[in-house]
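For reference, my_file.tsv (TSV, C-alpha atoms):
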```tsv
chain	number	residue	atom	x	y	z
E	20	ASP	CA	26.50	-4.99	-20.31
E	21	GLY	CA	29.79	-3.90	-18.75
E	22	GLY	CA	29.97	-0.37	-17.53
E	23	ILE	CA	30.17	2.13	-14.73
E	24	THR	CA	27.04	3.30	-12.94
E	25	GLN	CA	26.59	6.41	-10.85
E	26	SER	CA	23.53	7.01	-8.73
E	27	PRO	CA	21.49	9.01	-8.24
E	28	LYS	CA	21.56	11.22	-11.31
E	29	TYR	CA	20.26	14.23	-9.36
E	30	LEU	CA	20.70	14.81	-5.65
E	31	PHE	CA	19.56	17.60	-3.39
E	32	ARG	CA	21.07	18.21	0.01
E	33	LYS	CA	20.37	20.61	2.78
E	34	GLU	CA	23.24	22.63	4.14
E	35	GLY	CA	25.02	20.85	6.98
E	36	GLN	CA	24.13	17.35	5.80
E	37	ASN	CA	26.49	14.66	4.61
E	38	VAL	CA	25.56	12.86	1.41
E	39	THR	CA	27.01	9.80	-0.32
E	40	LEU	CA	27.30	9.39	-4.08
E	41	SER	CA	27.40	5.86	-5.42
E	42	CYS	CA	29.76	4.54	-8.10
E	43	GLU	CA	29.75	0.90	-9.20
E	44	GLN	CA	31.64	-0.79	-12.04
E	45	ASN	CA	31.53	-4.30	-13.47
E	46	LEU	CA	34.52	-3.88	-15.77
E	47	ASN	CA	36.92	-5.59	-13.36
E	48	HIS	CA	39.09	-2.48	-13.28
E	49	ASP	CA	41.45	-1.93	-10.38
E	50	ALA	CA	41.64	1.87	-10.50
E	51	MET	CA	38.74	4.21	-9.84
E	52	TYR	CA	38.56	8.00	-9.70
E	53	TRP	CA	36.26	10.80	-8.53
E	54	TYR	CA	36.24	14.17	-10.28
E	55	ARG	CA	34.31	17.33	-9.68
E	56	GLN	CA	33.22	19.43	-12.66
E	57	ASP	CA	32.31	23.11	-12.42
E	58	PRO	CA	31.71	25.45	-15.37
E	59	GLY	CA	35.01	26.75	-16.72
E	60	GLN	CA	37.03	24.62	-14.27
E	61	GLY	CA	37.29	21.37	-16.16
E	62	LEU	CA	37.56	18.16	-14.15
E	63	ARG	CA	39.32	18.43	-10.84
E	64	LEU	CA	40.52	15.29	-9.10
E	65	ILE	CA	39.02	14.61	-5.67
E	66	TYR	CA	40.24	11.10	-4.79
E	67	TYR	CA	41.51	8.07	-6.63
E	68	SER	CA	42.08	4.47	-5.75
E	69	GLN	CA	44.48	2.08	-7.50
E	70	ILE	CA	43.48	-0.99	-5.52
E	71	VAL	CA	41.03	-2.21	-2.90
E	72	ASN	CA	41.54	-0.76	0.60
E	73	ASP	CA	43.83	1.98	-0.70
E	74	PHE	CA	43.15	5.49	-1.99
E	75	GLN	CA	44.94	8.80	-2.47
E	76	LYS	CA	43.88	12.42	-2.21
E	77	GLY	CA	43.61	14.46	-5.36
E	78	ASP	CA	43.87	18.21	-5.74
E	79	ILE	CA	40.60	19.09	-3.95
E	80	ALA	CA	40.06	16.37	-1.33
E	81	GLU	CA	39.10	18.70	1.53
E	82	GLY	CA	35.51	18.15	2.61
E	83	TYR	CA	35.23	14.77	0.89
E	84	SER	CA	35.81	11.18	1.98
E	85	VAL	CA	35.89	7.84	0.16
E	86	SER	CA	36.14	4.14	0.83
E	87	ARG	CA	37.21	1.20	-1.32
E	88	GLU	CA	36.10	-1.96	0.44
E	89	LYS	CA	35.22	-3.77	-2.80
E	90	LYS	CA	36.80	-3.68	-6.22
E	91	GLU	CA	33.45	-2.83	-7.81
E	92	SER	CA	32.50	0.08	-5.58
E	93	PHE	CA	34.01	3.50	-4.81
E	94	PRO	CA	31.47	5.68	-2.96
E	95	LEU	CA	32.12	9.37	-2.35
E	96	THR	CA	30.81	11.18	0.72
E	97	VAL	CA	30.39	14.92	0.53
E	98	THR	CA	30.61	16.14	4.10
E	99	SER	CA	29.30	19.29	5.69
E	100	ALA	CA	32.88	20.56	5.71
E	101	GLN	CA	32.77	21.02	1.93
E	102	LYS	CA	32.00	24.72	1.53
E	103	ASN	CA	30.73	24.71	-2.04
E	104	PRO	CA	29.40	21.24	-2.78
E	105	THR	CA	27.01	22.14	-5.61
E	106	ALA	CA	28.61	20.63	-8.72
E	107	PHE	CA	28.56	17.80	-11.24
E	108	TYR	CA	30.43	14.75	-9.94
E	109	LEU	CA	31.97	12.18	-12.26
E	110	CYS	CA	33.27	8.76	-11.40
E	111	ALA	CA	35.63	6.83	-13.66
E	112	SER	CA	37.42	3.51	-13.73
E	113	ILE	CA	40.66	2.91	-15.59
E	114	GLY	CA	41.22	0.03	-17.98
E	115	GLY	CA	41.86	-0.65	-21.67
E	116	LEU	CA	45.26	-0.83	-23.34
E	117	LYS	CA	48.05	-0.41	-20.77
E	118	ASN	CA	45.37	0.52	-18.24
E	119	THR	CA	45.25	4.06	-19.53
E	120	GLU	CA	41.67	4.58	-20.69
E	121	ALA	CA	39.14	6.19	-18.36
E	122	PHE	CA	35.58	4.91	-18.54
E	123	PHE	CA	33.14	7.42	-17.10
E	124	GLY	CA	29.75	7.15	-15.47
E	125	GLN	CA	26.92	9.50	-16.44
E	126	GLY	CA	27.53	11.74	-13.44
E	127	THR	CA	25.62	12.94	-10.41
E	128	ARG	CA	24.48	16.54	-10.18
E	129	LEU	CA	24.49	17.61	-6.54
E	130	THR	CA	22.63	20.73	-5.49
E	131	VAL	CA	22.69	22.19	-1.99
E	132	VAL	CA	19.38	23.81	-1.06
M	26	ALA	CA	53.29	16.08	-11.23
M	27	GLN	CA	51.57	16.74	-14.51
M	28	SER	CA	49.40	19.64	-15.62
M	29	VAL	CA	47.41	20.53	-18.73
M	30	THR	CA	46.60	23.89	-20.29
M	31	GLN	CA	43.89	24.22	-22.89
M	32	LEU	CA	44.51	27.54	-24.52
M	33	ASP	CA	40.99	28.31	-25.70
M	34	SER	CA	37.89	28.08	-23.54
M	35	GLN	CA	35.50	28.50	-26.47
M	36	VAL	CA	35.94	27.95	-30.19
M	37	PRO	CA	33.05	28.94	-32.49
M	38	VAL	CA	33.25	27.73	-36.11
M	39	PHE	CA	31.00	27.31	-39.10
M	40	GLU	CA	30.05	23.91	-40.42
M	41	GLU	CA	32.59	22.39	-42.84
M	42	ALA	CA	35.35	24.71	-41.62
M	43	PRO	CA	38.60	23.33	-40.19
M	44	VAL	CA	39.22	23.54	-36.46
M	45	GLU	CA	42.15	23.23	-34.04
M	46	LEU	CA	41.78	22.90	-30.29
M	47	ARG	CA	45.06	23.60	-28.53
M	48	CYS	CA	46.52	21.69	-25.62
M	49	ASN	CA	49.87	22.06	-23.87
M	50	TYR	CA	51.09	19.91	-21.02
M	51	SER	CA	53.76	20.05	-18.36
M	52	SER	CA	55.50	17.01	-16.92
M	53	SER	CA	58.87	15.97	-15.55
M	54	VAL	CA	58.36	12.40	-16.78
M	55	SER	CA	57.22	10.71	-19.96
M	56	VAL	CA	53.49	10.89	-20.48
M	57	TYR	CA	50.43	9.45	-22.12
M	58	LEU	CA	48.10	12.00	-23.71
M	59	PHE	CA	44.37	11.91	-24.35
M	60	TRP	CA	41.45	13.83	-25.76
M	61	TYR	CA	37.99	13.22	-24.34
M	62	VAL	CA	34.63	14.58	-25.53
M	63	GLN	CA	31.61	15.41	-23.38
M	64	TYR	CA	28.07	15.98	-24.61
M	65	PRO	CA	25.64	17.91	-22.35
M	66	ASN	CA	24.82	16.27	-19.01
M	67	GLN	CA	26.82	13.16	-19.81
M	68	GLY	CA	30.08	11.60	-18.81
M	69	LEU	CA	33.21	11.82	-20.93
M	70	GLN	CA	34.12	9.53	-23.81
M	71	LEU	CA	37.60	8.84	-25.09
M	72	LEU	CA	38.19	10.42	-28.49
M	73	LEU	CA	41.82	9.46	-29.10
M	74	LYS	CA	45.04	8.81	-27.26
M	75	TYR	CA	48.80	8.82	-27.68
M	76	LEU	CA	50.63	6.04	-25.87
M	77	SER	CA	53.70	5.44	-28.04
M	78	GLY	CA	54.78	5.02	-31.65
M	79	SER	CA	53.48	7.35	-34.35
M	80	THR	CA	53.05	10.87	-33.04
M	81	LEU	CA	49.95	11.38	-35.18
M	82	VAL	CA	46.86	9.64	-33.85
M	83	GLU	CA	43.39	9.56	-35.34
M	84	SER	CA	39.83	8.95	-34.17
M	85	ILE	CA	37.10	7.14	-36.07
M	86	ASN	CA	35.12	10.35	-36.67
M	87	GLY	CA	37.82	12.36	-38.43
M	88	PHE	CA	39.66	14.04	-35.57
M	89	GLU	CA	43.42	13.78	-35.29
M	90	ALA	CA	46.03	14.95	-32.80
M	91	GLU	CA	49.79	15.19	-33.00
M	92	PHE	CA	52.15	14.70	-30.08
M	93	ASN	CA	54.93	17.28	-30.22
M	94	LYS	CA	57.44	16.54	-27.49
M	95	SER	CA	59.63	19.58	-28.11
M	96	GLN	CA	56.67	21.93	-27.82
M	97	THR	CA	54.92	19.81	-25.17
M	98	SER	CA	51.72	20.03	-27.17
M	99	PHE	CA	48.93	17.70	-28.25
M	100	HIS	CA	46.63	19.83	-30.42
M	101	LEU	CA	43.38	18.37	-31.75
M	102	ARG	CA	42.38	19.05	-35.36
M	103	LYS	CA	39.60	18.27	-37.78
M	104	PRO	CA	39.66	19.42	-41.43
M	105	SER	CA	35.87	19.81	-41.72
M	106	VAL	CA	33.52	19.95	-38.74
M	107	HIS	CA	29.85	18.99	-38.50
M	108	ILE	CA	27.06	20.35	-36.35
M	109	SER	CA	27.19	17.12	-34.39
M	110	ASP	CA	30.76	17.88	-33.29
M	111	THR	CA	29.41	20.56	-30.97
M	112	ALA	CA	30.54	19.48	-27.50
M	113	GLU	CA	33.12	20.13	-24.82
M	114	TYR	CA	36.56	18.69	-25.41
M	115	PHE	CA	39.06	17.87	-22.69
M	116	CYS	CA	42.76	17.23	-23.02
M	117	ALA	CA	44.25	14.93	-20.36
M	118	VAL	CA	47.67	13.64	-19.32
M	119	SER	CA	49.02	10.89	-17.13
M	120	GLY	CA	52.54	9.79	-16.34
M	121	ARG	CA	53.64	6.44	-17.72
M	122	GLN	CA	54.41	5.04	-14.31
M	123	ALA	CA	51.69	2.83	-12.87
M	124	GLY	CA	49.60	4.64	-10.28
M	125	THR	CA	49.98	8.08	-11.82
M	126	ALA	CA	46.78	10.10	-11.68
M	127	LEU	CA	44.92	11.17	-14.83
M	128	ILE	CA	44.80	14.97	-14.95
M	129	PHE	CA	42.44	17.00	-17.13
M	130	GLY	CA	42.53	20.47	-18.62
M	131	LYS	CA	39.73	22.99	-18.17
M	132	GLY	CA	38.06	22.09	-21.43
M	133	THR	CA	37.27	23.79	-24.73
M	134	THR	CA	33.70	24.28	-25.88
M	135	LEU	CA	33.43	23.73	-29.61
M	136	SER	CA	30.33	25.35	-31.10
M	137	VAL	CA	29.58	24.52	-34.73
M	138	SER	CA	26.93	26.57	-36.50
M	139	SER	CA	25.45	26.44	-39.99
```
structure tokens encoding of this file:
Amino acid sequence: DGGITQSPKYLFRKEGQNVTLSCEQNLNHDAMYWYRQDPGQGLRLIYYSQIVNDFQKGDIAEGYSVSREKKESFPLTVTSAQKNPTAFYLCASIGGLKNTEAFFGQGTRLTVV
Amino acid sequence: AQSVTQLDSQVPVFEEAPVELRCNYSSSVSVYLFWYVQYPNQGLQLLLKYLSGSTLVESINGFEAEFNKSQTSFHLRKPSVHISDTAEYFCAVSGRQAGTALIFGKGTTLSVSS
């Protein structure tokens, strides 16, 4: 089945540690996005990539890093510089009619302990 | 750049009542508009979208939204809601130019009770 897969579903991190969230898609979409979701804040854009080996910062990129070495994969690293990393992280790829529809993964809930 | 304002953070309604979830957007260029729905602890699913043509768009489960360019609005409506419509609803906008980011509003929690 075609889709977008995020792993793990739940992730715990100690303060001061970097952690990488995985996002893989087999939809053959060029564009991929990372959002952060906090209660009452909606989805805030962290990074997005329109094509392999290229990505742009979103509204809240500080403390995060990404790579796009393969079309299928867009991993997000939450670094120790991110002051409030506890959140629900959503990855999406863009396809459909006129490449406008976002297809979301099931999310990763990151908790700093 | 684009931005989205969802005017209500929570909307409680009784089953079979009509509902309207309000969305206004801001953009200096022509846009595409979307409504997404999110059930607890899941990703988002596309509910409906406006790309071009008729300003009234419909979903398969009875929701509709109307693009109003003069009022820069894209309100979501349903004439009769069900318990199963309880979820969080997000309005989103992107510019028509390729490479424009997809920007979401803060969401509206629709709570349907019997």
(request) List the neighbours of Lys28 (chain E) out to 12 Å using all atoms listed in the file; skip same-chain residues closer than 3 positions along the sequence, and give me the result as a PyMOL selection string. (result) (chain E and resi 24-25+31+40-42+107-110+124-130) or (chain M and resi 66-68)
Using all atoms listed in the file, which chain M residues lie at most 9 Å away from chain E, written as a PDB file with C-alpha atoms, keeping the file's coordinate frame?
```pdb
ATOM      1  CA  SER M  34      37.890  28.080 -23.540  1.00  0.00           C
ATOM      2  CA  TYR M  57      50.430   9.450 -22.120  1.00  0.00           C
ATOM      3  CA  PHE M  59      44.370  11.910 -24.350  1.00  0.00           C
ATOM      4  CA  ASN M  66      24.820  16.270 -19.010  1.00  0.00           C
ATOM      5  CA  GLN M  67      26.820  13.160 -19.810  1.00  0.00           C
ATOM      6  CA  GLY M  68      30.080  11.600 -18.810  1.00  0.00           C
ATOM      7  CA  LEU M  69      33.210  11.820 -20.930  1.00  0.00           C
ATOM      8  CA  GLN M  70      34.120   9.530 -23.810  1.00  0.00           C
ATOM      9  CA  LEU M  71      37.600   8.840 -25.090  1.00  0.00           C
ATOM     10  CA  LYS M  74      45.040   8.810 -27.260  1.00  0.00           C
ATOM     11  CA  LEU M  76      50.630   6.040 -25.870  1.00  0.00           C
ATOM     12  CA  PHE M 115      39.060  17.870 -22.690  1.00  0.00           C
ATOM     13  CA  SER M 119      49.020  10.890 -17.130  1.00  0.00           C
ATOM     14  CA  ARG M 121      53.640   6.440 -17.720  1.00  0.00           C
ATOM     15  CA  ALA M 123      51.690   2.830 -12.870  1.00  0.00           C
ATOM     16  CA  GLY M 124      49.600   4.640 -10.280  1.00  0.00           C
ATOM     17  CA  ALA M 126      46.780  10.100 -11.680  1.00  0.00           C
ATOM     18  CA  LEU M 127      44.920  11.170 -14.830  1.00  0.00           C
ATOM     19  CA  ILE M 128      44.800  14.970 -14.950  1.00  0.00           C
ATOM     20  CA  PHE M 129      42.440  17.000 -17.130  1.00  0.00           C
ATOM     21  CA  GLY M 130      42.530  20.470 -18.620  1.00  0.00           C
ATOM     22  CA  LYS M 131      39.730  22.990 -18.170  1.00  0.00           C
ATOM     23  CA  GLY M 132      38.060  22.090 -21.430  1.00  0.00           C
ATOM     24  CA  THR M 133      37.270  23.790 -24.730  1.00  0.00           C
TER      25      THR M 133
END
```
(request) Pick out the residues sitting within 6 Å of Phe99 (chain M), and hand them over as a VMD selection string; count only C-alpha atoms, and ignore anything fewer than 4 positions along from it in its own chain. (result) chain M and resid 48 91 to 92
Create the file for the chosen residues now, containing C-alpha atoms and written as a JSON list (two decimals), in the coordinates of the input.
```json
[["chain", "number", "residue", "atom", "x", "y", "z"],
["M", 48, "CYS", "CA", 46.52, 21.69, -25.62],
["M", 91, "GLU", "CA", 49.79, 15.19, -33.00],
["M", 92, "PHE", "CA", 52.15, 14.70, -30.08]]
```
(request) May I ask for the distance between CA of Ser77 (chain M) and CA of His100 (chain M), given in Å to one decimal place? (result)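 Rounded to one decimal, the two atoms are 16.2 Å apart.
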(message) To one decimal place in Å, what is the distance between CA of Ser84 (chain E) and CA of Thr96 (chain E)?
(response)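 CA of Thr96 (chain E) lies at a distance of 5.2 Å from CA of Ser84 (chain E).
Each of M:Ala26, M:Ile108, M:Val62, M:Cys116 was checked against Arg47 (chain M) using only C-alpha atoms; the smallest atom-to-atom distance is that of M:Cys116.
The smallest atom-to-atom distance between Val56 (chain M) and any of M:Val38, M:Thr134, M:Ala117, M:Leu32, using only C-alpha atoms, is found for M:Ala117.
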(message) Given the point (56.3, 18.3, -25.3) in the coordinates of this file, which residues lie within 10 Å, counting all atoms listed in the file, and how would they look as a VMD selection string?
(response) chain M and resid 49 to 52 55 to 56 92 to 99
(request) Provide the CA of Gln31 (chain M) to CA of Gly115 (chain E) distance in Å, to one decimal place. (result) 25.0 Å
(request) Identify which of the residues E:Glu81, E:Glu43, E:Asp49, E:Asp73 lies closest to Pro94 (chain E), counting all atoms listed in the file when measuring atom-to-atom distances. (result)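 Answer, going by the shortest atom-to-atom distance: E:Glu43.
Distances from M:Asp33, M:Gly120, M:Ser109, M:Glu83 to Leu58 (chain M) were compared using all atoms listed in the file, and the smallest one belongs to M:Gly120.
Ranking M:Val54, M:Tyr61, M:Ala42, M:Asp110 by their shortest atom-to-atom distance to Ser28 (chain M), with all atoms listed in the file included, puts M:Val54 first.
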